[in-house]
file final-v5.pdb (PDB, C-alpha atoms, pLDDT in the B column)
MODEL        1
ATOM      1  CA  MET A  24       0.000   0.000   0.000  1.00 48.00           C
ATOM      2  CA  ARG A  25       2.795   2.439   0.874  1.00 48.00           C
ATOM      3  CA  LEU A  26       4.516   1.660  -2.425  1.00 46.00           C
ATOM      4  CA  LEU A  27       1.358   2.471  -4.325  1.00 45.00           C
ATOM      5  CA  LEU A  28       0.962   5.773  -2.485  1.00 42.00           C
ATOM      6  CA  ARG A  29       4.550   6.673  -3.307  1.00 46.00           C
ATOM      7  CA  LEU A  30       3.926   5.943  -6.976  1.00 43.00           C
ATOM      8  CA  ILE A  31       0.884   8.200  -6.948  1.00 43.00           C
ATOM      9  CA  LEU A  32       2.897  11.009  -5.360  1.00 40.00           C
ATOM     10  CA  VAL A  33       5.580  10.589  -8.020  1.00 42.00           C
ATOM     11  CA  TRP A  34       2.972  11.207 -10.705  1.00 43.00           C
ATOM     12  CA  ILE A  35       1.248  14.071  -8.895  1.00 42.00           C
ATOM     13  CA  ALA A  36       4.370  16.042  -7.982  1.00 42.00           C
ATOM     14  CA  PRO A  37       5.327  17.115 -11.526  1.00 43.00           C
ATOM     15  CA  LEU A  38       1.746  18.140 -12.230  1.00 41.00           C
ATOM     16  CA  ALA A  39       1.906  20.574  -9.308  1.00 41.00           C
ATOM     17  CA  ALA A  40       4.890  22.381 -10.812  1.00 49.00           C
ATOM     18  CA  GLU A  41       4.730  26.038 -11.726  1.00 59.00           C
ATOM     19  CA  PRO A  42       2.248  26.427 -14.586  1.00 72.00           C
ATOM     20  CA  ILE A  43       2.931  27.917 -17.991  1.00 78.00           C
ATOM     21  CA  PRO A  44       2.153  31.666 -17.950  1.00 88.00           C
ATOM     22  CA  PRO A  45      -1.188  32.553 -19.556  1.00 90.00           C
ATOM     23  CA  PHE A  46      -2.074  34.817 -22.465  1.00 94.00           C
ATOM     24  CA  ASP A  47      -4.573  37.206 -20.860  1.00 95.00           C
ATOM     25  CA  GLN A  48      -6.799  39.367 -23.004  1.00 97.00           C
ATOM     26  CA  HIS A  49      -7.079  43.144 -22.655  1.00 97.00           C
ATOM     27  CA  PRO A  50      -9.239  44.189 -25.619  1.00 97.00           C
ATOM     28  CA  GLY A  51      -9.456  47.932 -26.061  1.00 98.00           C
ATOM     29  CA  ALA A  52      -6.414  48.680 -23.907  1.00 98.00           C
ATOM     30  CA  PRO A  53      -4.016  51.258 -25.391  1.00 97.00           C
ATOM     31  CA  LEU A  54      -0.432  50.264 -26.019  1.00 97.00           C
ATOM     32  CA  PRO A  55       2.023  52.184 -23.851  1.00 97.00           C
ATOM     33  CA  THR A  56       4.487  54.459 -25.608  1.00 97.00           C
ATOM     34  CA  LEU A  57       7.738  52.574 -25.185  1.00 98.00           C
ATOM     35  CA  SER A  58      11.071  52.610 -26.949  1.00 98.00           C
ATOM     36  CA  PHE A  59      12.540  49.499 -28.575  1.00 98.00           C
ATOM     37  CA  PHE A  60      15.400  48.823 -30.970  1.00 98.00           C
ATOM     38  CA  ASP A  61      14.880  48.039 -34.632  1.00 98.00           C
ATOM     39  CA  GLU A  62      17.159  45.841 -36.737  1.00 98.00           C
ATOM     40  CA  SER A  63      19.723  48.632 -37.102  1.00 97.00           C
ATOM     41  CA  GLY A  64      19.792  49.397 -33.377  1.00 98.00           C
ATOM     42  CA  ARG A  65      17.779  52.608 -33.782  1.00 98.00           C
ATOM     43  CA  ALA A  66      15.344  53.480 -30.993  1.00 98.00           C
ATOM     44  CA  VAL A  67      11.753  53.220 -32.262  1.00 98.00           C
ATOM     45  CA  THR A  68       8.229  52.948 -30.903  1.00 98.00           C
ATOM     46  CA  LEU A  69       5.619  50.517 -32.160  1.00 97.00           C
ATOM     47  CA  ALA A  70       3.567  53.477 -33.345  1.00 97.00           C
ATOM     48  CA  GLU A  71       6.461  54.575 -35.561  1.00 97.00           C
ATOM     49  CA  LEU A  72       6.782  51.097 -37.025  1.00 97.00           C
ATOM     50  CA  SER A  73       3.050  50.759 -37.695  1.00 97.00           C
ATOM     51  CA  GLU A  74       2.911  54.186 -39.416  1.00 95.00           C
ATOM     52  CA  GLY A  75      -0.757  54.678 -38.600  1.00 96.00           C
ATOM     53  CA  ARG A  76      -1.723  51.303 -40.032  1.00 97.00           C
ATOM     54  CA  PRO A  77      -3.207  48.269 -38.270  1.00 98.00           C
ATOM     55  CA  SER A  78      -0.521  45.863 -37.130  1.00 98.00           C
ATOM     56  CA  LEU A  79      -0.040  42.327 -35.897  1.00 98.00           C
ATOM     57  CA  LEU A  80       2.186  42.025 -32.829  1.00 98.00           C
ATOM     58  CA  VAL A  81       3.958  38.670 -32.589  1.00 98.00           C
ATOM     59  CA  PRO A  82       5.584  38.199 -29.155  1.00 98.00           C
ATOM     60  CA  GLY A  83       8.191  35.475 -28.733  1.00 97.00           C
ATOM     61  CA  TYR A  84      11.952  35.307 -29.012  1.00 97.00           C
ATOM     62  CA  PHE A  85      14.215  34.946 -32.001  1.00 97.00           C
ATOM     63  CA  GLY A  86      16.355  32.115 -30.626  1.00 94.00           C
ATOM     64  CA  CYS A  87      13.335  30.011 -29.719  1.00 92.00           C
ATOM     65  CA  PRO A  88      13.743  26.380 -30.855  1.00 87.00           C
ATOM     66  CA  MET A  89      10.035  25.679 -30.607  1.00 79.00           C
ATOM     67  CA  LEU A  90       6.703  27.258 -31.422  1.00 84.00           C
ATOM     68  CA  CYS A  91       7.859  30.798 -32.109  1.00 93.00           C
ATOM     69  CA  GLY A  92       9.124  29.810 -35.542  1.00 92.00           C
ATOM     70  CA  GLN A  93       5.980  27.798 -36.164  1.00 91.00           C
ATOM     71  CA  VAL A  94       3.797  30.754 -35.219  1.00 94.00           C
ATOM     72  CA  GLN A  95       5.700  32.980 -37.650  1.00 95.00           C
ATOM     73  CA  SER A  96       5.560  30.383 -40.439  1.00 94.00           C
ATOM     74  CA  GLY A  97       1.868  29.767 -39.851  1.00 94.00           C
ATOM     75  CA  LEU A  98       1.175  33.491 -39.899  1.00 96.00           C
ATOM     76  CA  LEU A  99       3.213  34.005 -43.052  1.00 96.00           C
ATOM     77  CA  ASP A 100       1.384  31.237 -44.904  1.00 95.00           C
ATOM     78  CA  SER A 101      -2.022  32.510 -43.808  1.00 95.00           C
ATOM     79  CA  LEU A 102      -1.303  36.134 -44.697  1.00 97.00           C
ATOM     80  CA  LYS A 103      -0.642  35.073 -48.291  1.00 95.00           C
ATOM     81  CA  THR A 104      -4.365  34.274 -48.554  1.00 95.00           C
ATOM     82  CA  VAL A 105      -5.494  37.615 -47.107  1.00 96.00           C
ATOM     83  CA  ALA A 106      -6.714  40.310 -49.521  1.00 96.00           C
ATOM     84  CA  PHE A 107      -6.147  43.112 -47.012  1.00 95.00           C
ATOM     85  CA  ARG A 108      -2.609  44.426 -47.528  1.00 94.00           C
ATOM     86  CA  ASP A 109      -2.217  47.732 -45.705  1.00 96.00           C
ATOM     87  CA  TYR A 110      -0.853  46.440 -42.404  1.00 97.00           C
ATOM     88  CA  ARG A 111       2.378  45.887 -40.509  1.00 98.00           C
ATOM     89  CA  VAL A 112       3.769  42.815 -38.731  1.00 98.00           C
ATOM     90  CA  ILE A 113       5.998  43.478 -35.716  1.00 98.00           C
ATOM     91  CA  CYS A 114       7.829  40.612 -34.032  1.00 98.00           C
ATOM     92  CA  LEU A 115       8.878  41.412 -30.467  1.00 98.00           C
ATOM     93  CA  SER A 116      11.667  39.557 -28.684  1.00 98.00           C
ATOM     94  CA  ILE A 117      10.863  38.860 -25.038  1.00 98.00           C
ATOM     95  CA  ASP A 118      14.501  37.921 -24.404  1.00 98.00           C
ATOM     96  CA  PRO A 119      16.423  41.077 -23.403  1.00 98.00           C
ATOM     97  CA  ARG A 120      19.686  39.308 -24.215  1.00 97.00           C
ATOM     98  CA  GLU A 121      18.857  39.293 -27.933  1.00 98.00           C
ATOM     99  CA  ARG A 122      20.383  42.095 -29.948  1.00 98.00           C
ATOM    100  CA  PRO A 123      19.522  44.020 -33.140  1.00 98.00           C
ATOM    101  CA  SER A 124      22.053  41.925 -35.086  1.00 98.00           C
ATOM    102  CA  LEU A 125      19.895  38.843 -34.508  1.00 98.00           C
ATOM    103  CA  ALA A 126      16.776  40.849 -35.360  1.00 98.00           C
ATOM    104  CA  LEU A 127      18.440  41.823 -38.645  1.00 98.00           C
ATOM    105  CA  GLN A 128      19.057  38.159 -39.465  1.00 97.00           C
ATOM    106  CA  LYS A 129      15.404  37.399 -38.812  1.00 97.00           C
ATOM    107  CA  ARG A 130      14.297  40.315 -40.984  1.00 98.00           C
ATOM    108  CA  LYS A 131      16.482  39.175 -43.875  1.00 97.00           C
ATOM    109  CA  ALA A 132      15.082  35.652 -43.566  1.00 96.00           C
ATOM    110  CA  ALA A 133      11.529  37.022 -43.628  1.00 97.00           C
ATOM    111  CA  LEU A 134      12.271  39.223 -46.634  1.00 97.00           C
ATOM    112  CA  SER A 135      13.621  36.194 -48.482  1.00 96.00           C
ATOM    113  CA  ARG A 136      10.147  34.691 -48.090  1.00 95.00           C
ATOM    114  CA  GLY A 137       8.415  37.831 -49.272  1.00 95.00           C
ATOM    115  CA  ALA A 138       7.465  39.142 -45.823  1.00 96.00           C
ATOM    116  CA  ASP A 139       8.343  42.777 -45.052  1.00 96.00           C
ATOM    117  CA  TRP A 140       8.186  42.239 -41.301  1.00 98.00           C
ATOM    118  CA  ARG A 141       9.908  44.195 -38.545  1.00 98.00           C
ATOM    119  CA  PHE A 142      11.804  42.595 -35.670  1.00 98.00           C
ATOM    120  CA  VAL A 143      12.479  44.539 -32.485  1.00 98.00           C
ATOM    121  CA  THR A 144      14.434  43.970 -29.280  1.00 98.00           C
ATOM    122  CA  GLY A 145      14.322  45.896 -26.035  1.00 98.00           C
ATOM    123  CA  THR A 146      15.262  46.408 -22.428  1.00 98.00           C
ATOM    124  CA  PRO A 147      13.847  44.111 -19.716  1.00 98.00           C
ATOM    125  CA  GLU A 148      11.735  46.961 -18.352  1.00 98.00           C
ATOM    126  CA  ASN A 149      10.092  47.919 -21.631  1.00 98.00           C
ATOM    127  CA  ILE A 150       9.611  44.323 -22.726  1.00 98.00           C
ATOM    128  CA  GLY A 151       7.883  43.608 -19.434  1.00 98.00           C
ATOM    129  CA  LYS A 152       5.649  46.675 -19.675  1.00 98.00           C
ATOM    130  CA  LEU A 153       4.514  45.901 -23.211  1.00 98.00           C
ATOM    131  CA  CYS A 154       3.875  42.216 -22.489  1.00 98.00           C
ATOM    132  CA  GLU A 155       1.914  43.177 -19.394  1.00 98.00           C
ATOM    133  CA  ALA A 156      -0.161  45.592 -21.457  1.00 98.00           C
ATOM    134  CA  VAL A 157      -1.101  42.946 -24.042  1.00 98.00           C
ATOM    135  CA  GLY A 158      -1.396  40.161 -21.437  1.00 97.00           C
ATOM    136  CA  PHE A 159       1.439  38.007 -22.767  1.00 97.00           C
ATOM    137  CA  GLY A 160       2.884  36.011 -19.865  1.00 96.00           C
ATOM    138  CA  PHE A 161       6.317  34.429 -19.987  1.00 96.00           C
ATOM    139  CA  ARG A 162       8.843  32.912 -17.628  1.00 94.00           C
ATOM    140  CA  TYR A 163      12.531  32.114 -18.048  1.00 94.00           C
ATOM    141  CA  ASP A 164      13.618  28.577 -17.179  1.00 91.00           C
ATOM    142  CA  ARG A 165      17.280  28.371 -16.193  1.00 91.00           C
ATOM    143  CA  ARG A 166      17.532  24.610 -16.584  1.00 90.00           C
ATOM    144  CA  SER A 167      16.645  24.660 -20.266  1.00 89.00           C
ATOM    145  CA  ASP A 168      17.766  28.251 -20.951  1.00 92.00           C
ATOM    146  CA  GLN A 169      14.406  28.799 -22.601  1.00 92.00           C
ATOM    147  CA  PHE A 170      11.269  30.866 -22.059  1.00 94.00           C
ATOM    148  CA  ALA A 171       7.971  29.284 -21.158  1.00 92.00           C
ATOM    149  CA  HIS A 172       5.167  31.151 -22.879  1.00 93.00           C
ATOM    150  CA  PRO A 173       1.928  30.682 -24.808  1.00 92.00           C
ATOM    151  CA  ALA A 174       1.527  31.181 -28.560  1.00 92.00           C
ATOM    152  CA  GLY A 175      -0.569  33.702 -30.402  1.00 94.00           C
ATOM    153  CA  ILE A 176      -0.671  37.164 -31.934  1.00 97.00           C
ATOM    154  CA  VAL A 177      -2.283  40.491 -31.096  1.00 98.00           C
ATOM    155  CA  ALA A 178      -4.059  42.669 -33.641  1.00 98.00           C
ATOM    156  CA  ILE A 179      -3.367  46.342 -32.919  1.00 98.00           C
ATOM    157  CA  SER A 180      -5.744  48.989 -34.219  1.00 98.00           C
ATOM    158  CA  ALA A 181      -4.612  51.923 -36.326  1.00 97.00           C
ATOM    159  CA  ASP A 182      -5.026  54.200 -33.315  1.00 97.00           C
ATOM    160  CA  GLY A 183      -2.791  52.009 -31.132  1.00 97.00           C
ATOM    161  CA  ARG A 184      -5.246  49.922 -29.105  1.00 98.00           C
ATOM    162  CA  ILE A 185      -5.597  46.162 -28.703  1.00 98.00           C
ATOM    163  CA  SER A 186      -8.233  45.207 -31.251  1.00 98.00           C
ATOM    164  CA  SER A 187      -8.320  41.403 -31.018  1.00 97.00           C
ATOM    165  CA  TYR A 188      -6.356  38.232 -30.297  1.00 96.00           C
ATOM    166  CA  LEU A 189      -5.622  35.118 -32.325  1.00 95.00           C
ATOM    167  CA  PHE A 190      -4.248  32.101 -30.500  1.00 93.00           C
ATOM    168  CA  GLY A 191      -2.312  29.047 -31.624  1.00 89.00           C
ATOM    169  CA  ILE A 192       0.337  28.291 -34.249  1.00 88.00           C
ATOM    170  CA  SER A 193      -1.798  28.575 -37.380  1.00 87.00           C
ATOM    171  CA  PHE A 194      -4.435  31.069 -38.363  1.00 92.00           C
ATOM    172  CA  SER A 195      -7.225  30.956 -40.903  1.00 92.00           C
ATOM    173  CA  GLY A 196      -7.135  33.489 -43.699  1.00 94.00           C
ATOM    174  CA  PRO A 197     -10.709  34.706 -43.067  1.00 95.00           C
ATOM    175  CA  ALA A 198      -9.970  35.201 -39.351  1.00 94.00           C
ATOM    176  CA  LEU A 199      -6.884  37.275 -40.157  1.00 96.00           C
ATOM    177  CA  GLN A 200      -8.818  39.245 -42.753  1.00 96.00           C
ATOM    178  CA  ARG A 201     -11.524  40.114 -40.216  1.00 96.00           C
ATOM    179  CA  ALA A 202      -8.973  40.975 -37.545  1.00 97.00           C
ATOM    180  CA  LEU A 203      -7.110  43.351 -39.854  1.00 98.00           C
ATOM    181  CA  GLU A 204     -10.290  44.985 -41.122  1.00 97.00           C
ATOM    182  CA  ARG A 205     -11.508  45.571 -37.563  1.00 97.00           C
ATOM    183  CA  ALA A 206      -8.129  46.943 -36.552  1.00 98.00           C
ATOM    184  CA  ALA A 207      -8.091  49.263 -39.577  1.00 98.00           C
ATOM    185  CA  ASP A 208     -11.502  50.624 -38.533  1.00 98.00           C
ATOM    186  CA  ASN A 209     -10.370  50.947 -34.887  1.00 98.00           C
ATOM    187  CA  ARG A 210     -12.974  48.401 -33.804  1.00 98.00           C
ATOM    188  CA  ILE A 211     -12.496  46.246 -30.693  1.00 97.00           C
ATOM    189  CA  GLU A 212     -13.463  42.585 -30.433  1.00 94.00           C
ATOM    190  CA  GLY A 213     -14.430  41.040 -27.100  1.00 91.00           C
ATOM    191  CA  LYS A 214     -12.542  38.256 -25.396  1.00 91.00           C
ATOM    192  CA  ILE A 215     -12.416  34.839 -27.035  1.00 84.00           C
ATOM    193  CA  ASP A 216     -11.705  31.367 -25.667  1.00 77.00           C
ATOM    194  CA  PRO A 217      -8.023  30.703 -26.283  1.00 65.00           C
ATOM    195  CA  VAL A 218      -6.515  27.402 -27.371  1.00 57.00           C
ATOM    196  CA  LEU A 219      -2.995  27.707 -26.017  1.00 51.00           C
ATOM    197  CA  TYR A 220      -0.009  25.973 -27.506  1.00 52.00           C
ATOM    198  CA  LEU A 221       2.623  25.936 -24.818  1.00 53.00           C
ATOM    199  CA  CYS A 222       6.204  26.712 -25.724  1.00 57.00           C
ATOM    200  CA  PHE A 223       8.480  24.866 -23.317  1.00 52.00           C
ATOM    201  CA  GLN A 224      10.921  22.026 -22.727  1.00 46.00           C
ATOM    202  CA  TYR A 225      12.492  21.542 -26.131  1.00 39.00           C
ATOM    203  CA  ASP A 226      15.216  18.909 -25.978  1.00 42.00           C
ATOM    204  CA  PRO A 227      17.994  19.945 -28.384  1.00 38.00           C
ATOM    205  CA  ALA A 228      19.588  16.512 -28.058  1.00 41.00           C
ATOM    206  CA  THR A 229      16.561  14.774 -29.541  1.00 41.00           C
ATOM    207  CA  GLY A 230      14.989  17.681 -31.394  1.00 38.00           C
ATOM    208  CA  ARG A 231      11.608  16.816 -29.891  1.00 41.00           C
ATOM    209  CA  TYR A 232       8.877  18.768 -28.183  1.00 40.00           C
ATOM    210  CA  SER A 233       8.458  16.831 -24.986  1.00 45.00           C
ATOM    211  CA  LEU A 234       6.099  18.792 -22.752  1.00 46.00           C
ATOM    212  CA  GLN A 235       2.715  17.850 -24.230  1.00 45.00           C
ATOM    213  CA  ILE A 236       3.607  14.171 -24.623  1.00 43.00           C
ATOM    214  CA  TRP A 237       5.109  14.001 -21.145  1.00 45.00           C
ATOM    215  CA  ARG A 238       2.127  15.718 -19.553  1.00 48.00           C
ATOM    216  CA  THR A 239      -0.248  13.359 -21.362  1.00 47.00           C
ATOM    217  CA  LEU A 240       1.695  10.339 -20.128  1.00 45.00           C
ATOM    218  CA  GLN A 241       1.668  11.763 -16.612  1.00 51.00           C
ATOM    219  CA  LEU A 242      -2.092  12.201 -16.663  1.00 50.00           C
ATOM    220  CA  LEU A 243      -2.611   8.707 -18.047  1.00 54.00           C
ATOM    221  CA  GLY A 244      -0.260   7.299 -15.431  1.00 60.00           C
ATOM    222  CA  LEU A 245      -2.022   9.199 -12.674  1.00 58.00           C
ATOM    223  CA  ALA A 246      -5.387   7.907 -13.852  1.00 58.00           C
ATOM    224  CA  THR A 247      -4.007   4.351 -13.907  1.00 66.00           C
ATOM    225  CA  CYS A 248      -2.601   4.671 -10.384  1.00 59.00           C
ATOM    226  CA  LEU A 249      -5.848   6.066  -9.062  1.00 64.00           C
ATOM    227  CA  SER A 250      -7.773   3.248 -10.703  1.00 67.00           C
ATOM    228  CA  LEU A 251      -5.448   0.648  -9.164  1.00 66.00           C
ATOM    229  CA  PHE A 252      -5.662   2.350  -5.784  1.00 65.00           C
ATOM    230  CA  SER A 253      -9.466   2.324  -5.920  1.00 68.00           C
ATOM    231  CA  ALA A 254      -9.485  -1.326  -6.964  1.00 66.00           C
ATOM    232  CA  ILE A 255      -7.160  -2.310  -4.099  1.00 71.00           C
ATOM    233  CA  LEU A 256      -9.300  -0.443  -1.584  1.00 66.00           C
ATOM    234  CA  TYR A 257     -12.370  -2.225  -2.920  1.00 62.00           C
ATOM    235  CA  TRP A 258     -10.700  -5.646  -2.679  1.00 68.00           C
ATOM    236  CA  LEU A 259      -9.520  -4.957   0.873  1.00 64.00           C
ATOM    237  CA  HIS A 260     -13.021  -3.854   1.835  1.00 60.00           C
ATOM    238  CA  GLN A 261     -14.490  -7.024   0.342  1.00 64.00           C
ATOM    239  CA  GLU A 262     -11.973  -9.203   2.188  1.00 66.00           C
ATOM    240  CA  ARG A 263     -12.851  -7.631   5.522  1.00 69.00           C
ATOM    241  CA  LYS A 264     -16.506  -8.380   4.917  1.00 63.00           C
ATOM    242  CA  GLN A 265     -15.792 -12.098   4.508  1.00 64.00           C
TER
ENDMDL
END
call {"tool": "encode", "arguments": {"input": "final-v5.pdb", "output": "structure tokens"}}
result
Amino acid sequence: MRLLLRLILVWIAPLAAEPIPPFDQHPGAPLPTLSFFDESGRAVTLAELSEGRPSLLVPGYFGCPMLCGQVQSGLLDSLKTVAFRDYRVICLSIDPRERPSLALQKRKAALSRGADWRFVTGTPENIGKLCEAVGFGFRYDRRSDQFAHPAGIVAISADGRISSYLFGISFSGPALQRALERAADNRIEGKIDPVLYLCFQYDPATGRYSLQIWRTLQLLGLATCLSLFSAILYWLHQERKQ
């Protein structure tokens, strides 16, 4: 019995670990006026980069080995199907260690795929303030030297407010079209139910994304242990009756 209890605790303990930060929604909130660095190292604001146009803010980090690249690729593919063209895409690095030189590499890679996107870096203070304003939670994990964060993008209206959110790693063309049209008209969409893709625990040795599979196995194992525990309790109860 004690062995079984220990096994159950082994499965429960990892599930009680610190959760992945959420992507909260603040529709209608204005973006703070903050200074970041563009690909040349010049200080810019998001308003300067958007040039009075609606924009899509893509938070993540440029050295991310996981979903950040998938989010950008999914967005790029979907935008090719969108008729609306008068917009800007701004990719924000949440890692203050990343420099404009890396942002320039990312911009050149995007341009090679036909995407005139902007990539910005910043100070810890300004990164934190902007992410707090849009509700993008993240946490640095020292063991993996990676950032735990959700995946999604924020549509910013032409007048600099949060217009809507799109969550996940791929986006439908019609949804992007509607989001950009609303943002261009300075319209605000209410909160939506997010489907979060969690960016965490990439194993560079195997090149695999382990968190979702591991969590699923943990839940299945926990359910199995609980079922066995219930069965043993039932058998013991039946034996005492006899």
call {"tool": "closest_residue", "arguments": {"input": "final-v5.pdb", "among": "A:Ala181, A:Leu127, A:Ala138, A:Ala106", "to": "Arg65 (chain A)", "atoms": "all atoms listed in the file"}}
result
A:Leu127
call {"tool": "resolve_selection", "arguments": {"input": "final-v5.pdb", "expression": "the PyMOL selection byres ((chain A and resi 110) around 10)", "output": "ChimeraX atom specification"}}
result
/A:73-79,107-109,111-112,179-181,203-204,206-207
call {"tool": "residues_around", "arguments": {"input": "final-v5.pdb", "residues": "Gly183 (chain A)", "least_positions_apart": "6", "cutoff": "7 Å", "atoms": "only C-alpha atoms", "output": "VMD selection string"}}
result
chain A and resid 53 to 54 70
call {"tool": "resolve_selection", "arguments": {"input": "final-v5.pdb", "expression": "the PyMOL selection byres ((chain A and resi 55) around 12)", "output": "number ranges by chain"}}
result
A: 52-54, 56-59, 68-70, 149-157, 182-185
call {"tool": "write_last_selection", "arguments": {"input": "final-v5.pdb", "atoms": "C-alpha atoms", "output": "PDB file, in the coordinates of the input"}}
result
ATOM      1  CA  ALA A  52      -6.414  48.680 -23.907  1.00 98.00           C
ATOM      2  CA  PRO A  53      -4.016  51.258 -25.391  1.00 97.00           C
ATOM      3  CA  LEU A  54      -0.432  50.264 -26.019  1.00 97.00           C
ATOM      4  CA  THR A  56       4.487  54.459 -25.608  1.00 97.00           C
ATOM      5  CA  LEU A  57       7.738  52.574 -25.185  1.00 98.00           C
ATOM      6  CA  SER A  58      11.071  52.610 -26.949  1.00 98.00           C
ATOM      7  CA  PHE A  59      12.540  49.499 -28.575  1.00 98.00           C
ATOM      8  CA  THR A  68       8.229  52.948 -30.903  1.00 98.00           C
ATOM      9  CA  LEU A  69       5.619  50.517 -32.160  1.00 97.00           C
ATOM     10  CA  ALA A  70       3.567  53.477 -33.345  1.00 97.00           C
ATOM     11  CA  ASN A 149      10.092  47.919 -21.631  1.00 98.00           C
ATOM     12  CA  ILE A 150       9.611  44.323 -22.726  1.00 98.00           C
ATOM     13  CA  GLY A 151       7.883  43.608 -19.434  1.00 98.00           C
ATOM     14  CA  LYS A 152       5.649  46.675 -19.675  1.00 98.00           C
ATOM     15  CA  LEU A 153       4.514  45.901 -23.211  1.00 98.00           C
ATOM     16  CA  CYS A 154       3.875  42.216 -22.489  1.00 98.00           C
ATOM     17  CA  GLU A 155       1.914  43.177 -19.394  1.00 98.00           C
ATOM     18  CA  ALA A 156      -0.161  45.592 -21.457  1.00 98.00           C
ATOM     19  CA  VAL A 157      -1.101  42.946 -24.042  1.00 98.00           C
ATOM     20  CA  ASP A 182      -5.026  54.200 -33.315  1.00 97.00           C
ATOM     21  CA  GLY A 183      -2.791  52.009 -31.132  1.00 97.00           C
ATOM     22  CA  ARG A 184      -5.246  49.922 -29.105  1.00 98.00           C
ATOM     23  CA  ILE A 185      -5.597  46.162 -28.703  1.00 98.00           C
TER      24      ILE A 185
END
call {"tool": "atom_distance", "arguments": {"input": "final-v5.pdb", "atom1": "CA of Pro123 (chain A)", "atom2": "CA of Gly86 (chain A)"}}
result
12.6 Å
call {"tool": "atom_distance", "arguments": {"input": "final-v5.pdb", "atom1": "CA of Ser135 (chain A)", "atom2": "CA of Pro119 (chain A)"}}
result
25.7 Å
call {"tool": "resolve_selection", "arguments": {"input": "final-v5.pdb", "expression": "the PyMOL selection byres ((chain A and resi 193) around 8)", "output": "PyMOL selection string"}}
result
chain A and resi 93-94+97-98+101+191-192+194-195
call {"tool": "atom_distance", "arguments": {"input": "final-v5.pdb", "atom1": "CA of Leu90 (chain A)", "atom2": "CA of Gln48 (chain A)"}}
result
20.0 Å
call {"tool": "axis_aligned_box", "arguments": {"input": "final-v5.pdb", "around": "region 124-141 of chain A", "padding_each_side": "3 Å", "output": "AutoDock Vina command-line options"}}
result
--center_x 14.8 --center_y 39.4 --center_z -41.9 --size_x 20.6 --size_y 15.5 --size_z 20.8
call {"tool": "closest_residue", "arguments": {"input": "final-v5.pdb", "among": "A:Ser186, A:Gln200, A:Asn209, A:Thr144", "to": "Pro50 (chain A)", "atoms": "all atoms listed in the file"}}
result
A:Ser186
call {"tool": "closest_residue", "arguments": {"input": "final-v5.pdb", "among": "A:Val105, A:Tyr84, A:Tyr188, A:Gly137", "to": "Arg120 (chain A)", "atoms": "only C-alpha atoms"}}
result
A:Tyr84
call {"tool": "residues_near_point", "arguments": {"input": "final-v5.pdb", "point": "(-2.4, 34.1, -21.4)", "cutoff": "9 Å", "atoms": "only C-alpha atoms", "output": "number ranges by chain"}}
result
A: 43-48, 158-161, 172-174, 217, 219
